[in-house]
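Asks: Pasting start-v4.cif here (mmCIF, C-alpha atoms and all ligand atoms):
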```cif
data_upload
loop_
_atom_site.label_atom_id
_atom_site.label_comp_id
_atom_site.auth_asym_id
_atom_site.auth_seq_id
_atom_site.Cartn_x
_atom_site.Cartn_y
_atom_site.Cartn_z
CA MET V 1 -38.83 81.76 -39.04
CA HIS V 2 -35.99 82.40 -36.62
CA ALA V 3 -35.34 78.65 -36.26
CA ALA V 4 -35.29 78.24 -40.04
CA ASN V 5 -32.70 81.02 -40.36
CA CYS V 6 -30.53 79.43 -37.69
CA SER V 7 -30.65 76.01 -39.29
CA GLY V 8 -29.94 77.63 -42.68
CA ARG V 9 -26.89 79.34 -41.20
CA GLY V 10 -25.85 76.13 -39.44
CA PHE V 11 -26.09 74.26 -42.73
CA LYS V 12 -23.86 76.81 -44.46
CA VAL V 13 -21.27 76.52 -41.66
CA ILE V 14 -21.27 72.72 -42.01
CA ILE V 15 -20.80 72.98 -45.79
CA ILE V 16 -17.90 75.46 -45.35
CA LEU V 17 -16.28 73.22 -42.72
CA LEU V 18 -16.65 70.19 -44.98
CA ALA V 19 -15.10 72.12 -47.87
CA ILE V 20 -12.17 73.13 -45.61
CA ILE V 21 -11.68 69.53 -44.43
CA ILE V 22 -11.69 68.27 -48.03
CA ALA V 23 -9.34 71.06 -49.19
CA MET V 24 -6.92 70.34 -46.32
CA ASN V 25 -6.70 66.65 -47.09
CA PRO V 26 -3.56 66.49 -49.21
CA SER V 27 -4.27 63.04 -50.63
CA ILE V 28 -7.45 64.29 -52.30
CA GLU V 29 -7.17 66.83 -55.08
CA VAL V 30 -10.42 68.75 -55.47
CA VAL V 31 -10.91 69.65 -59.13
CA LYS V 32 -13.14 72.66 -59.80
CA GLU V 33 -14.71 73.72 -63.09
CA VAL V 34 -11.96 74.58 -65.58
CA PRO V 35 -12.35 78.09 -67.07
CA VAL V 36 -12.52 78.19 -70.88
CA ASP V 37 -9.38 80.31 -71.23
CA ARG V 38 -7.35 77.53 -69.57
CA TYR V 39 -8.31 74.80 -72.03
CA ARG V 40 -5.27 75.13 -74.23
CA GLU V 41 -2.93 75.48 -71.21
CA LEU V 42 -3.87 71.91 -70.25
CA GLY V 43 -2.30 70.63 -73.45
CA LEU V 44 -5.71 70.00 -74.98
CA THR V 45 -5.67 70.45 -78.74
CA ASP V 46 -8.65 71.83 -80.66
CA GLU V 47 -8.96 68.39 -82.24
CA ARG V 48 -9.24 66.66 -78.85
CA LEU V 49 -11.80 69.19 -77.62
CA ARG V 50 -13.89 68.64 -80.75
CA TRP V 51 -13.58 64.88 -80.33
CA MET V 52 -14.94 65.10 -76.78
CA LEU V 53 -17.96 67.13 -77.87
CA ARG V 54 -18.65 64.81 -80.81
CA LYS V 55 -18.47 61.68 -78.64
CA MET V 56 -20.79 63.16 -76.04
CA LEU V 57 -23.26 64.08 -78.77
CA GLU V 58 -23.09 60.58 -80.29
CA ALA V 59 -23.75 58.97 -76.90
CA ARG V 60 -26.65 61.37 -76.22
CA ARG V 61 -28.36 60.82 -79.59
CA PHE V 62 -27.76 57.06 -79.47
CA GLU V 63 -29.50 56.75 -76.13
CA GLU V 64 -32.32 59.13 -77.00
CA MET V 65 -33.00 56.79 -79.91
CA VAL V 66 -32.76 53.73 -77.65
CA GLU V 67 -35.23 55.27 -75.22
CA ARG V 68 -37.65 55.93 -78.08
CA LEU V 69 -37.28 52.37 -79.37
CA PHE V 70 -38.19 51.04 -75.92
CA LEU V 71 -40.90 53.41 -74.79
CA VAL V 72 -42.51 54.82 -77.93
CA GLU V 73 -41.96 52.31 -80.72
CA GLY V 74 -41.91 49.20 -78.56
CA LYS V 75 -39.20 47.65 -80.77
CA LEU V 76 -36.79 46.92 -77.92
CA ILE V 77 -37.51 44.93 -74.80
CA GLY V 78 -35.58 43.93 -71.67
CA PRO V 79 -33.44 46.06 -69.39
CA ALA V 80 -31.39 49.06 -70.51
CA HIS V 81 -29.68 51.62 -68.29
CA LEU V 82 -29.10 54.95 -69.93
CA TYR V 83 -26.09 57.20 -69.44
CA LEU V 84 -28.00 60.35 -70.43
CA GLY V 85 -26.52 63.31 -68.55
CA GLU V 86 -23.32 61.51 -67.54
CA GLU V 87 -21.57 61.72 -70.94
CA ALA V 88 -18.83 64.08 -69.73
CA VAL V 89 -17.35 61.33 -67.53
CA ALA V 90 -16.84 58.86 -70.39
CA ALA V 91 -15.58 61.50 -72.84
CA GLY V 92 -13.28 63.14 -70.28
CA VAL V 93 -11.74 59.93 -68.93
CA ILE V 94 -11.47 58.00 -72.20
CA GLY V 95 -10.22 61.15 -73.93
CA ALA V 96 -7.26 61.11 -71.53
CA LEU V 97 -6.41 57.43 -72.13
CA ARG V 98 -4.50 55.59 -74.82
CA ASP V 99 -6.42 53.23 -77.12
CA ASP V 100 -4.65 50.18 -75.72
CA ASP V 101 -5.55 50.92 -72.09
CA VAL V 102 -8.07 48.35 -70.89
CA ILE V 103 -11.59 49.40 -69.85
CA VAL V 104 -13.88 47.46 -67.52
CA THR V 105 -17.40 48.83 -67.54
CA THR V 106 -20.95 48.16 -66.33
CA TYR V 107 -24.54 47.77 -67.50
CA ARG V 108 -24.54 51.60 -67.96
CA GLY V 109 -21.83 51.33 -70.58
CA HIS V 110 -23.14 52.66 -73.92
CA GLY V 111 -21.33 55.98 -73.37
CA HIS V 112 -18.02 54.28 -72.57
CA ALA V 113 -18.23 52.08 -75.66
CA ILE V 114 -19.05 55.00 -77.95
CA ALA V 115 -16.21 57.09 -76.53
CA ARG V 116 -13.84 54.17 -77.12
CA GLY V 117 -14.90 53.96 -80.76
CA VAL V 118 -17.26 50.97 -80.74
CA SER V 119 -19.61 51.46 -83.70
CA MET V 120 -23.11 52.65 -82.89
CA LYS V 121 -24.41 50.16 -85.47
CA ALA V 122 -22.88 47.19 -83.62
CA LEU V 123 -24.20 48.51 -80.31
CA MET V 124 -27.69 48.96 -81.76
CA ALA V 125 -27.64 45.47 -83.30
CA GLU V 126 -26.73 44.09 -79.87
CA LEU V 127 -29.74 45.77 -78.33
CA PHE V 128 -31.87 44.11 -81.00
CA GLY V 129 -30.27 40.74 -80.13
CA LYS V 130 -28.82 40.27 -83.62
CA ILE V 131 -25.68 38.41 -84.73
CA THR V 132 -24.13 41.66 -86.00
CA GLY V 133 -24.08 43.02 -82.43
CA THR V 134 -21.04 43.54 -80.21
CA CYS V 135 -21.75 40.23 -78.41
CA LYS V 136 -23.38 38.55 -81.41
CA GLY V 137 -26.78 39.33 -79.92
CA LEU V 138 -26.29 37.18 -76.83
CA SER V 139 -26.14 40.00 -74.30
CA GLY V 140 -28.62 42.81 -74.93
CA SER V 141 -27.97 46.28 -73.53
CA MET V 142 -26.41 45.33 -70.19
CA HIS V 143 -23.23 43.83 -71.67
CA SER V 144 -23.34 45.57 -75.04
CA ALA V 145 -20.25 47.70 -74.29
CA LEU V 146 -18.08 44.58 -74.27
CA SER V 147 -15.73 44.69 -77.25
CA VAL V 148 -12.44 42.83 -76.97
CA GLU V 149 -11.04 44.49 -80.10
CA HIS V 150 -11.55 47.87 -78.42
CA ASN V 151 -9.89 46.65 -75.22
CA ILE V 152 -13.16 46.45 -73.29
CA PRO V 153 -13.09 42.84 -72.06
CA MET V 154 -15.95 43.18 -69.61
CA ALA V 155 -19.26 44.97 -69.07
CA THR V 156 -20.81 43.58 -65.94
CA ALA V 157 -24.31 43.83 -64.46
CA ILE V 158 -23.24 42.64 -61.00
CA VAL V 159 -22.75 45.84 -59.01
CA GLY V 160 -19.11 46.28 -57.92
CA SER V 161 -17.90 43.12 -59.66
CA GLY V 162 -15.82 44.95 -62.25
CA ILE V 163 -13.49 46.19 -59.52
CA PRO V 164 -11.78 42.88 -58.64
CA ILE V 165 -11.79 41.96 -62.34
CA ALA V 166 -9.89 45.19 -63.05
CA CYS V 167 -7.41 44.09 -60.36
CA GLY V 168 -6.81 40.94 -62.38
CA VAL V 169 -6.27 42.98 -65.53
CA GLY V 170 -3.94 45.35 -63.66
CA LEU V 171 -1.97 42.42 -62.23
CA ALA V 172 -1.56 40.92 -65.71
CA LEU V 173 -0.37 44.23 -67.15
CA LYS V 174 2.10 44.71 -64.32
CA TYR V 175 3.34 41.11 -64.52
CA ARG V 176 3.94 41.47 -68.26
CA LYS V 177 5.59 44.87 -67.70
CA GLU V 178 3.24 46.47 -70.23
CA ASP V 179 2.98 50.23 -70.48
CA ARG V 180 -0.83 50.15 -70.28
CA ILE V 181 -3.28 50.81 -67.50
CA ALA V 182 -6.65 49.30 -66.56
CA VAL V 183 -9.60 51.63 -66.01
CA VAL V 184 -12.76 50.57 -64.23
CA PHE V 185 -16.00 52.54 -64.15
CA PHE V 186 -18.56 51.96 -61.40
CA GLY V 187 -21.35 53.79 -59.58
CA ASP V 188 -21.65 55.38 -56.16
CA GLY V 189 -23.72 52.40 -54.97
CA ALA V 190 -20.91 50.03 -55.95
CA THR V 191 -18.62 51.65 -53.40
CA ASN V 192 -20.77 50.13 -50.63
CA THR V 193 -20.05 46.57 -51.77
CA GLY V 194 -17.48 44.20 -50.34
CA ALA V 195 -15.99 43.74 -53.83
CA PHE V 196 -15.12 47.45 -53.94
CA ASN V 197 -13.27 47.46 -50.63
CA GLU V 198 -11.45 44.19 -51.28
CA GLY V 199 -10.52 45.28 -54.80
CA VAL V 200 -9.20 48.77 -54.08
CA ASN V 201 -7.28 47.49 -51.06
CA LEU V 202 -5.55 44.80 -53.12
CA ALA V 203 -4.79 47.24 -55.93
CA ALA V 204 -3.27 49.74 -53.50
CA VAL V 205 -1.21 47.13 -51.61
CA TRP V 206 0.12 45.59 -54.84
CA LYS V 207 0.50 48.99 -56.55
CA LEU V 208 -1.40 47.84 -59.60
CA PRO V 209 -1.72 50.14 -62.63
CA ILE V 210 -5.44 50.83 -62.25
CA LEU V 211 -7.57 53.94 -62.50
CA PHE V 212 -10.76 53.63 -60.45
CA VAL V 213 -13.50 55.93 -61.72
CA CYS V 214 -16.59 56.35 -59.57
CA GLU V 215 -19.51 57.85 -61.47
CA ASN V 216 -21.37 59.35 -58.55
CA ASN V 217 -24.76 60.01 -60.14
CA GLN V 218 -26.25 60.43 -56.63
CA TYR V 219 -28.48 57.37 -56.77
CA ALA V 220 -28.26 53.59 -56.57
CA LEU V 221 -31.58 52.60 -58.12
CA SER V 222 -34.01 54.73 -56.06
CA VAL V 223 -31.73 55.09 -53.02
CA PRO V 224 -30.18 58.56 -52.72
CA HIS V 225 -26.47 58.53 -52.06
CA ARG V 226 -26.88 60.56 -48.84
CA LYS V 227 -29.01 57.75 -47.35
CA SER V 228 -26.47 55.00 -47.97
CA PHE V 229 -23.22 56.83 -47.35
CA ALA V 230 -21.89 58.60 -44.25
CA GLY V 231 -18.42 59.75 -45.29
CA GLU V 232 -17.21 63.15 -46.50
CA SER V 233 -16.74 62.00 -50.10
CA ILE V 234 -16.25 58.82 -52.09
CA ALA V 235 -12.85 60.20 -53.12
CA ALA V 236 -11.93 60.03 -49.42
CA ARG V 237 -12.58 56.30 -49.54
CA GLY V 238 -9.99 56.01 -52.30
CA ALA V 239 -7.55 58.14 -50.31
CA CYS V 240 -7.99 56.10 -47.14
CA TYR V 241 -6.61 53.05 -48.96
CA GLY V 242 -3.50 55.06 -49.81
CA MET V 243 -4.43 55.97 -53.36
CA LYS V 244 -3.92 59.31 -55.08
CA SER V 245 -7.50 60.57 -55.28
CA PHE V 246 -9.35 63.26 -57.17
CA LEU V 247 -12.76 64.72 -56.46
CA VAL V 248 -14.26 66.25 -59.59
CA GLU V 249 -16.98 68.35 -58.02
CA ASP V 250 -18.63 69.05 -61.34
CA GLY V 251 -18.44 65.81 -63.27
CA ASN V 252 -20.55 67.44 -66.00
CA ASP V 253 -17.55 69.59 -66.89
CA VAL V 254 -15.78 67.37 -69.40
CA VAL V 255 -12.54 69.33 -69.21
CA ALA V 256 -12.40 69.03 -65.40
CA VAL V 257 -12.88 65.27 -65.80
CA TYR V 258 -10.19 65.15 -68.49
CA TYR V 259 -7.80 67.11 -66.26
CA ALA V 260 -8.23 64.66 -63.37
CA ALA V 261 -8.00 61.57 -65.61
CA ASP V 262 -4.92 62.85 -67.43
CA LYS V 263 -3.11 63.57 -64.16
CA ALA V 264 -4.21 60.27 -62.65
CA ALA V 265 -3.14 58.27 -65.72
CA GLU V 266 0.28 59.93 -65.73
CA TYR V 267 0.69 59.16 -62.02
CA ILE V 268 -0.19 55.49 -62.61
CA ARG V 269 2.04 55.14 -65.70
CA SER V 270 4.96 56.48 -63.67
CA GLY V 271 4.75 53.34 -61.53
CA ASN V 272 3.10 54.87 -58.43
CA GLY V 273 0.26 52.39 -58.23
CA PRO V 274 -3.48 53.02 -58.61
CA ALA V 275 -5.41 56.29 -58.54
CA PHE V 276 -9.01 57.09 -57.83
CA ILE V 277 -11.45 59.64 -59.26
CA GLU V 278 -14.91 60.51 -58.01
CA CYS V 279 -16.96 62.43 -60.57
CA ARG V 280 -20.18 64.00 -59.30
CA THR V 281 -22.80 63.86 -61.98
CA TYR V 282 -26.50 63.07 -62.45
CA ARG V 283 -28.51 60.75 -64.63
CA LYS V 284 -31.15 62.64 -66.55
CA LYS V 285 -33.60 59.76 -66.42
CA GLY V 286 -34.48 56.84 -64.17
CA HIS V 287 -32.27 53.92 -63.22
CA GLY V 288 -33.42 51.92 -66.24
CA VAL V 289 -35.63 52.80 -69.21
CA TYR V 290 -38.84 51.86 -67.41
CA ASP V 291 -38.08 53.86 -64.25
CA THR V 292 -39.81 57.26 -64.18
CA ALA V 293 -37.54 58.40 -61.30
CA TRP V 294 -40.57 59.69 -59.38
CA TYR V 295 -38.50 59.57 -56.15
CA ARG V 296 -36.25 62.51 -57.02
CA PRO V 297 -37.01 66.00 -55.64
CA ARG V 298 -38.02 68.45 -58.38
CA GLU V 299 -35.51 71.14 -57.28
CA GLU V 300 -32.67 68.62 -57.45
CA VAL V 301 -33.63 67.54 -60.96
CA GLU V 302 -33.93 71.18 -62.08
CA PHE V 303 -30.53 72.01 -60.57
CA TRP V 304 -28.83 69.33 -62.62
CA MET V 305 -30.81 69.86 -65.83
CA LYS V 306 -29.34 73.36 -65.96
CA ARG V 307 -25.90 71.79 -65.94
CA ASP V 308 -26.20 69.71 -69.09
CA PRO V 309 -22.66 68.66 -70.05
CA ILE V 310 -23.20 68.97 -73.79
CA ASP V 311 -24.95 72.36 -73.97
CA ARG V 312 -22.36 73.92 -71.72
CA PHE V 313 -19.36 72.48 -73.52
CA PHE V 314 -20.73 73.42 -76.94
CA LYS V 315 -21.26 77.04 -75.83
CA LYS V 316 -17.70 77.17 -74.50
CA LEU V 317 -16.14 75.72 -77.66
CA LYS V 318 -18.25 78.10 -79.75
CA SER V 319 -16.94 81.05 -77.73
CA LEU V 320 -13.39 79.90 -78.52
CA GLY V 321 -14.21 79.52 -82.22
CA ILE V 322 -13.47 75.77 -82.09
CA VAL V 323 -16.94 74.61 -83.20
CA SER V 324 -19.61 76.62 -85.01
CA GLU V 325 -23.40 76.34 -84.82
CA ASP V 326 -23.44 75.07 -88.42
CA GLU V 327 -20.88 72.38 -87.79
CA PHE V 328 -22.68 71.22 -84.64
CA ARG V 329 -25.93 70.98 -86.62
CA ARG V 330 -24.14 69.01 -89.36
CA TRP V 331 -22.80 66.55 -86.75
CA ASP V 332 -26.31 66.14 -85.45
CA GLU V 333 -27.62 65.36 -88.94
CA GLU V 334 -24.80 62.90 -89.62
CA ILE V 335 -25.45 61.09 -86.33
CA ALA V 336 -29.21 60.97 -87.00
CA LEU V 337 -28.52 59.33 -90.36
CA ILE V 338 -26.15 56.75 -88.85
CA LEU V 339 -28.75 55.90 -86.20
CA GLU V 340 -31.54 55.58 -88.75
CA GLU V 341 -29.38 53.13 -90.73
CA ALA V 342 -28.33 51.37 -87.52
CA VAL V 343 -31.95 50.63 -86.59
CA LYS V 344 -32.87 49.50 -90.11
CA GLU V 345 -29.81 47.23 -90.42
CA ALA V 346 -30.35 45.82 -86.92
CA GLU V 347 -33.98 45.01 -87.70
CA GLU V 348 -33.01 43.23 -90.91
CA ALA V 349 -30.02 41.31 -89.47
CA PRO V 350 -30.48 37.64 -88.49
CA VAL V 351 -30.27 36.24 -84.99
CA MET V 352 -27.56 33.69 -84.21
CA PRO V 353 -28.53 30.16 -85.35
CA PHE V 354 -29.55 28.11 -82.30
CA ASP V 355 -26.76 25.54 -82.69
CA GLU V 356 -24.07 28.19 -82.87
CA MET V 357 -24.94 29.49 -79.39
CA TRP V 358 -23.23 26.48 -77.81
CA ASN V 359 -19.90 27.64 -79.21
CA TYR V 360 -19.88 30.57 -76.81
CA LEU V 361 -20.57 28.81 -73.53
CA TYR V 362 -17.06 27.53 -72.86
CA VAL V 363 -13.60 28.22 -74.24
CA GLY V 364 -13.16 25.72 -77.04
CA GLY V 365 -16.88 25.82 -77.74
CA ASP V 366 -17.45 22.16 -77.00
CA ALA V 367 -20.82 22.36 -75.19
CA ARG V 368 -23.71 20.69 -77.00
CA TYR V 369 -27.39 20.90 -76.23
CA GLY V 370 -28.76 17.58 -75.01
CA GLU V 371 -25.42 15.88 -74.30
CA TRP V 372 -25.96 15.91 -70.52
CA ARG V 373 -29.30 14.10 -70.65
C1 LIG V 401 -24.34 42.69 -56.38
C2 LIG V 401 -25.62 43.33 -56.88
N1 LIG V 401 -26.50 43.79 -55.98
C3 LIG V 401 -27.64 44.40 -56.41
C4 LIG V 401 -27.91 44.52 -57.75
C5 LIG V 401 -29.16 45.24 -58.23
N2 LIG V 401 -28.77 46.56 -58.73
C6 LIG V 401 -28.62 46.77 -60.04
S1 LIG V 401 -28.10 48.34 -60.36
C7 LIG V 401 -28.12 48.75 -58.74
C8 LIG V 401 -27.74 50.15 -58.30
C9 LIG V 401 -26.31 50.45 -58.50
O1 LIG V 401 -26.07 51.81 -58.27
P1 LIG V 401 -24.71 52.49 -58.62
O2 LIG V 401 -23.58 51.61 -58.26
O3 LIG V 401 -24.73 53.84 -58.03
O4 LIG V 401 -24.71 52.58 -60.22
P2 LIG V 401 -25.70 53.37 -61.18
O5 LIG V 401 -26.75 52.39 -61.59
O6 LIG V 401 -26.25 54.52 -60.44
O7 LIG V 401 -24.86 53.77 -62.34
C10 LIG V 401 -28.51 47.67 -57.97
C11 LIG V 401 -28.64 47.71 -56.51
C12 LIG V 401 -26.96 44.00 -58.66
N3 LIG V 401 -27.12 44.08 -59.98
N4 LIG V 401 -25.82 43.44 -58.21
MG MG V 402 -25.36 55.63 -58.88
#
```
Let me see the structure of the file written as structure tokens.
Replies:
Amino acid sequence: MHAANCSGRGFKVIIILLAIIIAMNPSIEVVKEVPVDRYRELGLTDERLRWMLRKMLEARRFEEMVERLFLVEGKLIGPAHLYLGEEAVAAGVIGALRDDDVIVTTYRGHGHAIARGVSMKALMAELFGKITGTCKGLSGSMHSALSVEHNIPMATAIVGSGIPIACGVGLALKYRKEDRIAVVFFGDGATNTGAFNEGVNLAAVWKLPILFVCENNQYALSVPHRKSFAGESIAARGACYGMKSFLVEDGNDVVAVYYAADKAAEYIRSGNGPAFIECRTYRKKGHGVYDTAWYRPREEVEFWMKRDPIDRFFKKLKSLGIVSEDEFRRWDEEIALILEEAVKEAEEAPVMPFDEMWNYLYVGGDARYGEWR
């Protein structure tokens, strides 16, 4: 009993010391939960706040439907990695960007695409492998967020690989003297790859206009972050390369995420080079649709379930009179209708004719089946 008390006290001391170390590090800005009465002080309009809630709700309902189509109805097959629980990161970051800023995303990209305005019908059709999908049905879920017309040129399934690609985008934007920035989303696991370290180093040395956003959902597949990482924070990794870095301790607080992204984007647009944000969040479900996430401690799951980004934000906006219960219910009904139509239309849409597939292998579309034999 005595030993347990001592170790409990020791643990608290370590946490306090860590907090002091992080707070004293001037190159990392620790962003805490933003109180409701400060929302308007941040320059956030009621319209923008409503937009963030609506986008989070769309992403949530879209993926709940996707999960059902996989696990209950058996209409979808293959891999799919849901963003359930992490919606505040996409809505907060993308809400702080301009539409022409370029986004590089991952296999967990439905939420990013929806926040950027990609239609849920096109995303759904992609998951069904139909020609009306975002990638004409050639990609499935893992690359479904790719939409060149929405300035999302890449959604990659190779962990960490979006980071050097974003460097290429950033270099092109800088070379052309464009007033746009590149934003790359990646997980906590990705920060242990060589591509991450090579990419952020190059971006920092060349002062490229890139915002690095680490979605620290605490797990890489079944590996807990604490077992694969020994540093004080991922944000510190950004800072050690000389980047302006933010640690959003509660990445389920969409306004805290927005605050960090807005400040970071302004810093980058002013010509200072890249910036880095770590958002601490949690995926509600397993790594992919078929993963039951049995490896997570129950207390940890319960802790995060109480911090649902949508419930909390809705309650706050309701208290400010920005969204009412009725309106929120109406949004829900509208979204349900869109999703019902999306599934029906996706089921009825054709797949790409076999011969047309060859047009998408190489630029110029000159590959032909059988010509190499
Ligand atoms: C280079 C590479 N190594 C391993 C894998 C297998 N893999 C797919 S997702 C994943 C975990 C990635 O975790 P994280 O970066 O935290 O992203 P999250 O899935 O949690 O969003 C791994 C190891 C892969 N796709 N690519
Ligand atoms: Mg992760």
Asks: Around ligand LIG 401 (chain V), out to 7 Å and counting only C-alpha atoms and all ligand atoms, which residues are there? I want them as a PDB file with C-alpha atoms, keeping the file's coordinate frame.
Replies:
```pdb
ATOM      1  CA  ARG V 108     -24.540  51.600 -67.960  1.00  0.00           C
ATOM      2  CA  ALA V 157     -24.310  43.830 -64.460  1.00  0.00           C
ATOM      3  CA  ILE V 158     -23.240  42.640 -61.000  1.00  0.00           C
ATOM      4  CA  VAL V 159     -22.750  45.840 -59.010  1.00  0.00           C
ATOM      5  CA  GLY V 160     -19.110  46.280 -57.920  1.00  0.00           C
ATOM      6  CA  PHE V 186     -18.560  51.960 -61.400  1.00  0.00           C
ATOM      7  CA  GLY V 187     -21.350  53.790 -59.580  1.00  0.00           C
ATOM      8  CA  ASP V 188     -21.650  55.380 -56.160  1.00  0.00           C
ATOM      9  CA  GLY V 189     -23.720  52.400 -54.970  1.00  0.00           C
ATOM     10  CA  ALA V 190     -20.910  50.030 -55.950  1.00  0.00           C
ATOM     11  CA  THR V 191     -18.620  51.650 -53.400  1.00  0.00           C
ATOM     12  CA  GLU V 215     -19.510  57.850 -61.470  1.00  0.00           C
ATOM     13  CA  ASN V 216     -21.370  59.350 -58.550  1.00  0.00           C
ATOM     14  CA  ASN V 217     -24.760  60.010 -60.140  1.00  0.00           C
ATOM     15  CA  GLN V 218     -26.250  60.430 -56.630  1.00  0.00           C
ATOM     16  CA  TYR V 219     -28.480  57.370 -56.770  1.00  0.00           C
ATOM     17  CA  ALA V 220     -28.260  53.590 -56.570  1.00  0.00           C
ATOM     18  CA  LEU V 221     -31.580  52.600 -58.120  1.00  0.00           C
ATOM     19  CA  HIS V 287     -32.270  53.920 -63.220  1.00  0.00           C
TER      20      HIS V 287
END
```
Asks: Which of these, V:Leu69, V:Leu82, V:Ala96, V:Ile335, has the shortest distance to ligand MG 402 (chain V) once you count only C-alpha atoms and all ligand atoms?
Replies: V:Leu82
Asks: Looking at V:Ala256, V:Leu361, V:Ile234, V:Val223, which one is nearest to ligand MG 402 (chain V), with distances taken over only C-alpha atoms and all ligand atoms?
Replies: V:Val223
Asks: In Å, how far is it from CA of Asn192 in chain V to CA of Leu247 in chain V?
Replies: 17.6 Å
Asks: With only C-alpha atoms as the counted atoms, please give the residues lying no more than 12 Å from Ala346 in chain V, apart from itself and same-chain residues fewer than 4 positions off, as a list in words.
Replies: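 After dropping sequence-adjacent residues, the list is Lys75, Leu76, Met120, Lys121, Ala122, Leu123, Met124, Ala125, Glu126, Leu127, Phe128, Gly129, Lys130, Ile131, Thr132, Gly133, Thr134, Lys136, Gly137, Ile338, Leu339, Glu340, Glu341, Ala342, Pro350 and Val351 of chain V.
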Asks: Those same residues - C-alpha atoms - I'd like them written as a PDB file, keeping the file's coordinate frame.
Replies:
```pdb
ATOM      1  CA  LYS V  75     -39.200  47.650 -80.770  1.00  0.00           C
ATOM      2  CA  LEU V  76     -36.790  46.920 -77.920  1.00  0.00           C
ATOM      3  CA  MET V 120     -23.110  52.650 -82.890  1.00  0.00           C
ATOM      4  CA  LYS V 121     -24.410  50.160 -85.470  1.00  0.00           C
ATOM      5  CA  ALA V 122     -22.880  47.190 -83.620  1.00  0.00           C
ATOM      6  CA  LEU V 123     -24.200  48.510 -80.310  1.00  0.00           C
ATOM      7  CA  MET V 124     -27.690  48.960 -81.760  1.00  0.00           C
ATOM      8  CA  ALA V 125     -27.640  45.470 -83.300  1.00  0.00           C
ATOM      9  CA  GLU V 126     -26.730  44.090 -79.870  1.00  0.00           C
ATOM     10  CA  LEU V 127     -29.740  45.770 -78.330  1.00  0.00           C
ATOM     11  CA  PHE V 128     -31.870  44.110 -81.000  1.00  0.00           C
ATOM     12  CA  GLY V 129     -30.270  40.740 -80.130  1.00  0.00           C
ATOM     13  CA  LYS V 130     -28.820  40.270 -83.620  1.00  0.00           C
ATOM     14  CA  ILE V 131     -25.680  38.410 -84.730  1.00  0.00           C
ATOM     15  CA  THR V 132     -24.130  41.660 -86.000  1.00  0.00           C
ATOM     16  CA  GLY V 133     -24.080  43.020 -82.430  1.00  0.00           C
ATOM     17  CA  THR V 134     -21.040  43.540 -80.210  1.00  0.00           C
ATOM     18  CA  LYS V 136     -23.380  38.550 -81.410  1.00  0.00           C
ATOM     19  CA  GLY V 137     -26.780  39.330 -79.920  1.00  0.00           C
ATOM     20  CA  ILE V 338     -26.150  56.750 -88.850  1.00  0.00           C
ATOM     21  CA  LEU V 339     -28.750  55.900 -86.200  1.00  0.00           C
ATOM     22  CA  GLU V 340     -31.540  55.580 -88.750  1.00  0.00           C
ATOM     23  CA  GLU V 341     -29.380  53.130 -90.730  1.00  0.00           C
ATOM     24  CA  ALA V 342     -28.330  51.370 -87.520  1.00  0.00           C
ATOM     25  CA  PRO V 350     -30.480  37.640 -88.490  1.00  0.00           C
ATOM     26  CA  VAL V 351     -30.270  36.240 -84.990  1.00  0.00           C
TER      27      VAL V 351
END
```
Asks: If I take CA of Trp331 in chain V and CA of Ala59 in chain V, how far is one from the other in Å, to one decimal?
Replies: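 Going from CA of Trp331 in chain V over to CA of Ala59 in chain V covers 12.5 Å.
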Asks: Could you check how far CA of Arg116 in chain V sits from CA of Arg54 in chain V, in Å to one decimal?
Replies: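 Separating CA of Arg116 in chain V from CA of Arg54 in chain V is a distance of 12.2 Å.
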Asks: Hey, can I get the axis-aligned box for range 298-314 of chain V? All listed atoms, 3 Å padding on each side, centre and edge lengths in Å to one decimal, as lines of an AutoDock Vina configuration file.
Replies:
```
center_x = -28.7
center_y = 70.7
center_z = -67.1
size_x = 24.7
size_y = 12.4
size_z = 25.7
```
Asks: Taking only C-alpha atoms and all ligand atoms into account, which of V:Phe303, V:Phe229, V:Phe70, V:Phe246 comes nearest ligand MG 402 (chain V)?
Replies: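 Among the listed residues, the smallest separation from ligand MG 402 (chain V) belongs to V:Phe229.
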Asks: For Ser270 in chain V, which of V:Leu337, V:Glu299, V:Ile181, V:Trp358 is the closest residue, counting only C-alpha atoms?
Replies: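 Once distances to Ser270 in chain V are computed over only C-alpha atoms, the minimum belongs to V:Ile181.
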Asks: Quick one: everything within 10 Å of range 204-207 of chain V, counting only C-alpha atoms, minus sequence neighbours fewer than 6 positions away in the same chain. Send it as a ChimeraX atom specification.
Replies: /V:167,170-171,174,238-239,241-244,268,271-275
Asks: Residues proximal to (1.4, 47.2, -71.8) were defined as those with any atom within 12 Å of that point in the file's coordinates, counting all atoms listed in the file. Which are they, as an NGL selection string?
Replies: :V and (98-102 or 151 or 169-182 or 209 or 269)
Asks: For each of V:Gly162, V:Pro79, V:Gly288, V:Gly251, take the minimum atom-to-atom distance to Trp304 in chain V, counting all atoms listed in the file, then give the residue where this is smallest.
Replies: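 Among the listed residues, V:Gly251 lies closest to Trp304 in chain V.
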Asks: Env of Glu33 in chain V: 8 Å cut, atoms = all atoms listed in the file, seq-sep filter 5 positions within chain, self excluded. Answer as a ChimeraX atom specification.
Replies: /V:249-250,253,255-256
Asks: Any idea what's packed within 10 Å of Arg61 in chain V, counting all atoms listed in the file, ignoring anything in its chain fewer than 2 positions away? Could you give it as a VMD selection string?
Replies: chain V and resid 55 to 59 63 to 67 84 332 335 to 336 339
Asks: Could you check the closest approach to ligand MG 402 (chain V) for each of V:Val30, V:Ile310, V:Ile152, V:Cys214 and tell me which residue wins, using only C-alpha atoms and all ligand atoms?
Replies: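 When distances to ligand MG 402 (chain V) are compared using only C-alpha atoms and all ligand atoms, the smallest one comes from V:Cys214.
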